[in-house]
Structures are given as C-alpha cells and as structure tokens.
Amino acid sequence: MLGWLRRKAPTQGHFARLDGAGFAAFAPGSVWLVGAGPGAPGLISLLGYHALGEADVVVYDALVGEGFLDMANPKAETVFAGKRGGKPSPKQADITLKLIDYARAGKKVLRLKGGDPMMFGRGGEETETLAREGIPFRIVPGITAGVGGLAYAGIPVTHRDTNHAVMFLTGHDDKGGVPQGADWDAVAKAAPVIVMYMAVKHLGSISAKLLAGGRDPADRVAIVSHAASPKQSVIETTLAQVDALPGDIPTPAIIVIGPVSRYREGLDWYVGALRENRFG
Ligand code: SAH
C-alpha cells in the first residue's frame, strides 16, 4: 500500500525512508503547525514526522507526548512554550511573535501541538497572525484527543447503534471559568455524545447544567486521563454520580458523556503501562 514511499531509493539519515515520498518542501522562513496526536509518538502523521526531520526550530507545547523531540532533526533548536511546574504559561501573543521572529530569521519553524492544532489548540489564532504578518504557513492536522484518545480507551466516538452526532465542547473559557457563551439547554439536547476538553475542573457545574437542561441522570460519563500514554487511566460514572468522583482526577483528561463508553467493556484493548495490546 505504501509502495509510493519506496519509489526512490533511500538516501541518508534517520528520515531516509521518507525521502522522495512527495512531501511538500519545508521552505526556510515558513511556519508549519503540526499536530502531534494525543500522546504515543507513533500517532503523528508522516507529513508531521517528515517536518520534524527538516525543522530548524521546534516550538512545542506541554501536551506534546514524550519522544517527539527525539524524532526531530538533531540539529534543531527546541523551545518549550507551555506550562511547567505551576509557572504561568507564556502569553499566546508572545509565542506567536517568537514564531514570526524565527521565520523572519529564515528558519524552518515547526510549531508542535498536542492532538490537532485546530481543535481547542489556538491554531486558528496563530495562523491568523501569521497570515496577517505575511509569513507562509502550513497546517499539518493531528489526531485529536477527543477521537484518538477515546479510541485508546476502547471507546468509539460514534457507533451506528448509539449516535449519529457528536458535540465537541470545551470545559473552560479563556478566563478559566465555565464557558459563559454556551446555551446549556441546547448543549444538553444537541447530541447523544458530548466530548469535553479541559473539563475536569468544572465537571460538577457542567453536569448540573446538563441535567438542568434535561440530560438523563443515568447518562454514562467516562474520563480518560493521559490517553494514549503509559499513564492512561479511565474512570467511569454517570451524570448523576459526578459529584461523588474523587477530587484528584489526573489531567490532561478527555471526558465523554453518552452511551458510547459502554463499548469499552468489550473493546478496552490498550494496557498503557505495558504498552501492550490485550487482544494481541
Ligand atoms: N489540540 C488538542 C486539545 C488541546 S486542549 C487536541 O486536539 O487534542 C487541551 C485538552 O485536550 C486537555 O485539557 C484534555 O482535555 C485534552 N487532551 C489532550 N491530550 C490529552 C491526552 N493525552 N489525554 C487526555 N486528554 C487530552
């Protein structure tokens, strides 16, 4: 199937197998926004992997899983742009300015983000600024935690027997509170499955709003922490029981409300700590 990858003989180095695969050239002075996927190193796209091998600078977020920087060009400068040790994260504007500076200095700049850059990842804001400043950019999509992370917990985000629609929701707004702009009654009724990002902190009040909006108290809730990593863990409850959850749910966590988590019973294939597949 991947015959096209082998059309040209490998030339040199770590990334040689991708040489000649027809990937877009990473032009000096441009910025590529690349999604790293939810955790496991293998979940980055081939185009993203190729870009890691080409980049001069890799500006990465806290949610980027371990192992990605080892895939980067050994000569690349790596710059951390996330929260660490409780310190405040660099301002979004500062990160974007840094990308612009590197690009104007003629570097191949790779902005590496967890999951997909355009899903609650501020990829839209960063590319808007790049476009305004006339910096050439490219977006390399990634596997978002709300789909791929659930798959690692044996939860299909859709199943023909349960849901024809999914809603993606953020659990906090830019000020850190419960999103004020959301019409919670409408959210409660919008889709059988609601996938929530950044929602652990306000899960109690969000659940109360969904119940007030008519959502079934027996609706299933699954919380997948550190998805697709050796630390992955899953907690299951119901909407009515959310208040009884322990206060120390590990984050990052993706929360799925709705019937699809019932499939986990048969499909829970990933044993994170062992990096093993239960089903061989
Ligand atoms: N762009 C990212 C989302 C960034 S918002 C994506 O597409 O996945 C950050 C939120 O993503 C976290 O609060 C959490 O809800 C979710 N998340 C990201 N990586 C995760 C992981 N490995 N396990 C569980 N949740 C994750």
# chains A, B, ... in the order shown; residues from 1 in each chain; ligands from 1

$ residues_around --residues "stretch 162-170 of chain A" --least-positions-apart "3" --cutoff "7 Å" --atoms "only C-alpha atoms" --output "ChimeraX atom specification"
/A:158-159,191-199,259-260

$ write_last_selection --atoms "all heavy atoms" --output "CSV table (one decimal), in the first residue's frame"
chain,number,residue,atom,x,y,z
A,158,THR,N,-18.2,7.4,17.6
A,158,THR,CA,-19.5,7.2,17.0
A,158,THR,C,-19.7,5.7,16.9
A,158,THR,O,-18.8,4.9,16.7
A,158,THR,CB,-19.8,7.8,15.6
A,158,THR,OG1,-19.0,7.1,14.7
A,158,THR,CG2,-19.4,9.3,15.6
A,159,HIS,N,-21.0,5.2,17.0
A,159,HIS,CA,-21.3,3.9,16.7
A,159,HIS,C,-22.7,3.9,16.1
A,159,HIS,O,-23.6,4.6,16.7
A,159,HIS,CB,-21.3,3.0,18.0
A,159,HIS,CG,-21.4,1.5,17.8
A,159,HIS,ND1,-22.5,0.9,17.3
A,159,HIS,CD2,-20.5,0.6,18.0
A,159,HIS,CE1,-22.3,-0.4,17.2
A,159,HIS,NE2,-21.1,-0.6,17.6
A,191,ALA,N,-26.6,16.5,21.1
A,191,ALA,CA,-26.1,15.2,20.5
A,191,ALA,C,-26.1,14.2,21.6
A,191,ALA,O,-25.9,14.5,22.8
A,191,ALA,CB,-24.7,15.5,20.0
A,192,PRO,N,-26.3,12.9,21.2
A,192,PRO,CA,-26.2,11.9,22.2
A,192,PRO,C,-24.8,11.8,22.9
A,192,PRO,O,-24.7,11.3,24.0
A,192,PRO,CB,-26.5,10.6,21.4
A,192,PRO,CG,-27.1,11.0,20.1
A,192,PRO,CD,-26.5,12.4,19.9
A,193,VAL,N,-23.8,12.2,22.2
A,193,VAL,CA,-22.4,12.1,22.7
A,193,VAL,C,-21.8,13.5,22.8
A,193,VAL,O,-21.8,14.2,21.8
A,193,VAL,CB,-21.5,11.2,21.8
A,193,VAL,CG1,-20.1,11.2,22.3
A,193,VAL,CG2,-22.1,9.7,21.9
A,194,ILE,N,-21.3,13.8,23.9
A,194,ILE,CA,-20.6,15.1,24.1
A,194,ILE,C,-19.2,14.8,24.6
A,194,ILE,O,-19.0,14.1,25.6
A,194,ILE,CB,-21.3,16.0,25.2
A,194,ILE,CG1,-22.8,16.2,24.9
A,194,ILE,CG2,-20.6,17.3,25.4
A,194,ILE,CD1,-23.5,17.0,25.9
A,195,VAL,N,-18.2,15.3,23.8
A,195,VAL,CA,-16.8,15.1,24.1
A,195,VAL,C,-16.3,16.4,24.7
A,195,VAL,O,-16.3,17.4,24.0
A,195,VAL,CB,-16.0,14.6,22.9
A,195,VAL,CG1,-14.5,14.5,23.2
A,195,VAL,CG2,-16.6,13.3,22.4
A,196,MET,N,-15.7,16.3,25.9
A,196,MET,CA,-15.3,17.6,26.5
A,196,MET,C,-13.8,17.6,26.8
A,196,MET,O,-13.2,16.7,27.4
A,196,MET,CB,-16.1,17.7,27.9
A,196,MET,CG,-17.6,17.8,27.7
A,196,MET,SD,-18.4,18.5,29.1
A,196,MET,CE,-18.0,17.3,30.4
A,197,TYR,N,-13.2,18.7,26.4
A,197,TYR,CA,-11.8,19.0,26.6
A,197,TYR,C,-11.7,20.0,27.8
A,197,TYR,O,-12.6,20.8,28.0
A,197,TYR,CB,-11.2,19.7,25.4
A,197,TYR,CG,-11.1,18.9,24.1
A,197,TYR,CD1,-12.3,18.5,23.4
A,197,TYR,CD2,-9.9,18.4,23.6
A,197,TYR,CE1,-12.2,17.7,22.3
A,197,TYR,CE2,-9.8,17.7,22.5
A,197,TYR,CZ,-11.0,17.3,21.8
A,197,TYR,OH,-10.9,16.6,20.7
A,198,MET,N,-10.6,19.9,28.5
A,198,MET,CA,-10.4,20.9,29.6
A,198,MET,C,-11.5,21.0,30.5
A,198,MET,O,-11.9,22.1,30.9
A,198,MET,CB,-10.0,22.3,29.0
A,198,MET,CG,-8.8,22.3,28.1
A,198,MET,SD,-8.5,23.8,27.3
A,198,MET,CE,-9.5,23.7,25.8
A,199,ALA,N,-12.1,19.9,30.9
A,199,ALA,CA,-13.4,20.0,31.6
A,199,ALA,C,-13.4,19.4,33.0
A,199,ALA,O,-14.4,19.4,33.7
A,199,ALA,CB,-14.5,19.3,30.8
A,259,PRO,N,-23.7,7.2,25.5
A,259,PRO,CA,-23.7,5.8,25.5
A,259,PRO,C,-22.5,5.1,25.0
A,259,PRO,O,-22.3,3.9,25.3
A,259,PRO,CB,-24.9,5.4,24.7
A,259,PRO,CG,-25.2,6.6,23.8
A,259,PRO,CD,-24.7,7.8,24.6
A,260,VAL,N,-21.6,5.8,24.2
A,260,VAL,CA,-20.5,5.1,23.6
A,260,VAL,C,-19.5,4.4,24.5
A,260,VAL,O,-18.9,3.5,24.1
A,260,VAL,CB,-19.8,6.0,22.6
A,260,VAL,CG1,-20.5,6.1,21.3
A,260,VAL,CG2,-19.4,7.3,23.2

$ residues_around --residues "stretch 133-149 of chain A" --least-positions-apart "4" --cutoff "6 Å" --atoms "only C-alpha atoms" --output "ChimeraX atom specification"
/A:30-38,115-116,227-228

$ closest_residue --among "A:Ala188, A:Thr96, A:Tyr102, A:Lys107" --to "A:Ala55" --atoms "only C-alpha atoms"
A:Lys107

$ residues_around --residues "A:Val79" --least-positions-apart "2" --cutoff "9 Å" --atoms "only C-alpha atoms" --output "compact mmCIF listing (two decimals) with C-alpha atoms, in the first residue's frame"
# COMPACT_ATOMS: atom_id res chain seq x y z
CA VAL A 57 13.36 25.16 15.33
CA VAL A 58 10.67 23.14 17.12
CA VAL A 59 8.41 25.18 19.42
CA TYR A 60 6.41 22.66 21.43
CA ASP A 61 3.60 22.60 23.98
CA GLU A 77 16.68 24.08 18.38
CA ALA A 81 6.13 27.02 25.05

$ select_by_dssp --residues "stretch 39-266 of chain A" --states "alpha helix (DSSP H)" --output "ChimeraX atom specification"
/A:46-54,68-71,92-104,123-132,150-152,184-190,203-212,264-266

$ write_last_selection --atoms "C-alpha atoms" --output "compact mmCIF listing (two decimals), in the first residue's frame"
# COMPACT_ATOMS: atom_id res chain seq x y z
CA LEU A 46 4.00 11.02 8.14
CA LEU A 47 3.98 14.64 6.98
CA GLY A 48 4.48 15.78 10.58
CA TYR A 49 7.31 13.28 11.02
CA HIS A 50 8.92 14.49 7.82
CA ALA A 51 8.64 18.07 9.06
CA LEU A 52 10.30 17.16 12.37
CA GLY A 53 13.25 15.87 10.40
CA GLU A 54 13.51 19.08 8.40
CA PHE A 68 8.68 13.55 19.80
CA LEU A 69 11.75 15.67 20.26
CA ASP A 70 13.89 12.56 19.75
CA MET A 71 12.38 12.38 16.28
CA GLN A 92 -0.18 33.36 23.34
CA ALA A 93 0.89 36.61 21.68
CA ASP A 94 4.49 36.09 22.83
CA ILE A 95 4.59 32.58 21.37
CA THR A 96 3.25 33.80 18.05
CA LEU A 97 5.76 36.66 17.98
CA LYS A 98 8.53 34.16 18.61
CA LEU A 99 7.36 32.08 15.65
CA ILE A 100 7.39 35.19 13.49
CA ASP A 101 10.90 36.16 14.65
CA TYR A 102 12.28 32.72 13.84
CA ALA A 103 10.57 32.72 10.45
CA ARG A 104 11.90 36.19 9.60
CA GLY A 123 -4.15 27.02 15.81
CA GLY A 124 -6.70 29.41 14.36
CA GLU A 125 -5.31 32.33 16.32
CA GLU A 126 -1.69 31.55 15.50
CA THR A 127 -2.31 31.13 11.78
CA GLU A 128 -4.44 34.29 11.67
CA THR A 129 -1.47 36.26 12.97
CA LEU A 130 0.95 34.54 10.62
CA ALA A 131 -1.34 35.30 7.68
CA ARG A 132 -1.63 38.94 8.73
CA LEU A 150 -11.06 7.75 23.29
CA ALA A 151 -10.09 5.02 20.83
CA TYR A 152 -7.16 4.18 23.11
CA TRP A 184 -26.52 24.76 28.14
CA ASP A 185 -30.11 23.70 27.50
CA ALA A 186 -29.28 23.42 23.80
CA VAL A 187 -25.98 21.66 24.54
CA ALA A 188 -27.81 19.12 26.71
CA LYS A 189 -30.07 18.19 23.79
CA ALA A 190 -27.69 18.68 20.87
CA LEU A 203 -17.21 18.91 35.56
CA GLY A 204 -19.51 19.27 38.58
CA SER A 205 -21.09 22.51 37.42
CA ILE A 206 -21.22 21.42 33.77
CA SER A 207 -23.01 18.20 34.77
CA ALA A 208 -25.52 20.20 36.83
CA LYS A 209 -26.19 22.46 33.82
CA LEU A 210 -26.66 19.45 31.53
CA LEU A 211 -29.05 17.79 34.00
CA ALA A 212 -30.98 21.06 34.33
CA ARG A 264 -15.32 -0.21 26.42
CA GLU A 265 -16.35 -3.38 28.20
CA GLY A 266 -15.52 -5.40 25.12

$ closest_residue --among "A:Gly258, A:Lys175, A:Gly214, A:Ala153" --to "A:Val234" --atoms "only C-alpha atoms"
A:Ala153

$ select_by_dssp --residues "stretch 138-231 of chain A" --states "strand (DSSP E or B)" --output "number ranges by chain"
A: 138-140, 159, 163, 166-170, 193-197, 220-225

$ write_last_selection --atoms "N, CA, C and O atoms" --output "compact mmCIF listing (two decimals), in the first residue's frame"
# COMPACT_ATOMS: atom_id res chain seq x y z
N ARG A 138 1.81 26.38 6.96
CA ARG A 138 1.11 25.17 6.54
C ARG A 138 0.55 24.53 7.80
O ARG A 138 1.15 24.63 8.87
N ILE A 139 -0.59 23.90 7.67
CA ILE A 139 -1.20 23.20 8.81
C ILE A 139 -1.14 21.69 8.55
O ILE A 139 -1.59 21.23 7.50
N VAL A 140 -0.55 20.98 9.49
CA VAL A 140 -0.48 19.53 9.38
C VAL A 140 -1.38 18.94 10.48
O VAL A 140 -1.01 18.95 11.65
N HIS A 159 -20.97 5.24 16.98
CA HIS A 159 -21.32 3.85 16.71
C HIS A 159 -22.73 3.90 16.14
O HIS A 159 -23.58 4.62 16.67
N ASN A 163 -25.16 6.65 18.19
CA ASN A 163 -25.19 8.10 17.91
C ASN A 163 -24.80 8.43 16.47
O ASN A 163 -23.89 7.84 15.90
N VAL A 166 -21.93 14.00 17.24
CA VAL A 166 -21.03 14.20 18.37
C VAL A 166 -20.90 15.70 18.57
O VAL A 166 -20.83 16.46 17.59
N MET A 167 -20.83 16.11 19.81
CA MET A 167 -20.52 17.52 20.06
C MET A 167 -19.16 17.60 20.77
O MET A 167 -18.89 16.85 21.71
N PHE A 168 -18.33 18.52 20.31
CA PHE A 168 -17.06 18.79 20.99
C PHE A 168 -17.23 20.08 21.78
O PHE A 168 -17.68 21.09 21.24
N LEU A 169 -16.84 20.02 23.03
CA LEU A 169 -17.10 21.15 23.92
C LEU A 169 -15.85 21.43 24.75
O LEU A 169 -15.15 20.50 25.16
N THR A 170 -15.58 22.70 25.01
CA THR A 170 -14.50 23.00 25.95
C THR A 170 -15.11 23.27 27.32
O THR A 170 -16.18 23.88 27.43
N VAL A 193 -23.78 12.20 22.16
CA VAL A 193 -22.42 12.10 22.69
C VAL A 193 -21.80 13.50 22.76
O VAL A 193 -21.79 14.24 21.77
N ILE A 194 -21.32 13.84 23.94
CA ILE A 194 -20.62 15.11 24.13
C ILE A 194 -19.20 14.80 24.57
O ILE A 194 -18.99 14.08 25.56
N VAL A 195 -18.23 15.29 23.81
CA VAL A 195 -16.82 15.07 24.15
C VAL A 195 -16.27 16.38 24.68
O VAL A 195 -16.34 17.41 24.01
N MET A 196 -15.75 16.34 25.89
CA MET A 196 -15.33 17.58 26.54
C MET A 196 -13.82 17.63 26.79
O MET A 196 -13.24 16.71 27.36
N TYR A 197 -13.24 18.73 26.36
CA TYR A 197 -11.83 19.03 26.60
C TYR A 197 -11.74 19.99 27.79
O TYR A 197 -12.62 20.83 27.98
N ARG A 220 -24.05 7.89 30.69
CA ARG A 220 -22.71 7.45 31.08
C ARG A 220 -21.70 8.58 30.95
O ARG A 220 -21.79 9.41 30.04
N VAL A 221 -20.70 8.56 31.82
CA VAL A 221 -19.59 9.51 31.77
C VAL A 221 -18.30 8.70 31.86
O VAL A 221 -18.16 7.89 32.78
N ALA A 222 -17.41 8.89 30.92
CA ALA A 222 -16.08 8.25 31.02
C ALA A 222 -15.02 9.34 30.97
O ALA A 222 -15.10 10.28 30.16
N ILE A 223 -14.05 9.22 31.84
CA ILE A 223 -12.96 10.20 31.91
C ILE A 223 -11.66 9.48 31.59
O ILE A 223 -11.25 8.58 32.33
N VAL A 224 -11.05 9.86 30.50
CA VAL A 224 -9.81 9.19 30.06
C VAL A 224 -8.65 10.14 30.32
O VAL A 224 -8.53 11.18 29.68
N SER A 225 -7.81 9.76 31.28
CA SER A 225 -6.66 10.60 31.65
C SER A 225 -5.41 10.09 30.95
O SER A 225 -5.24 8.88 30.78
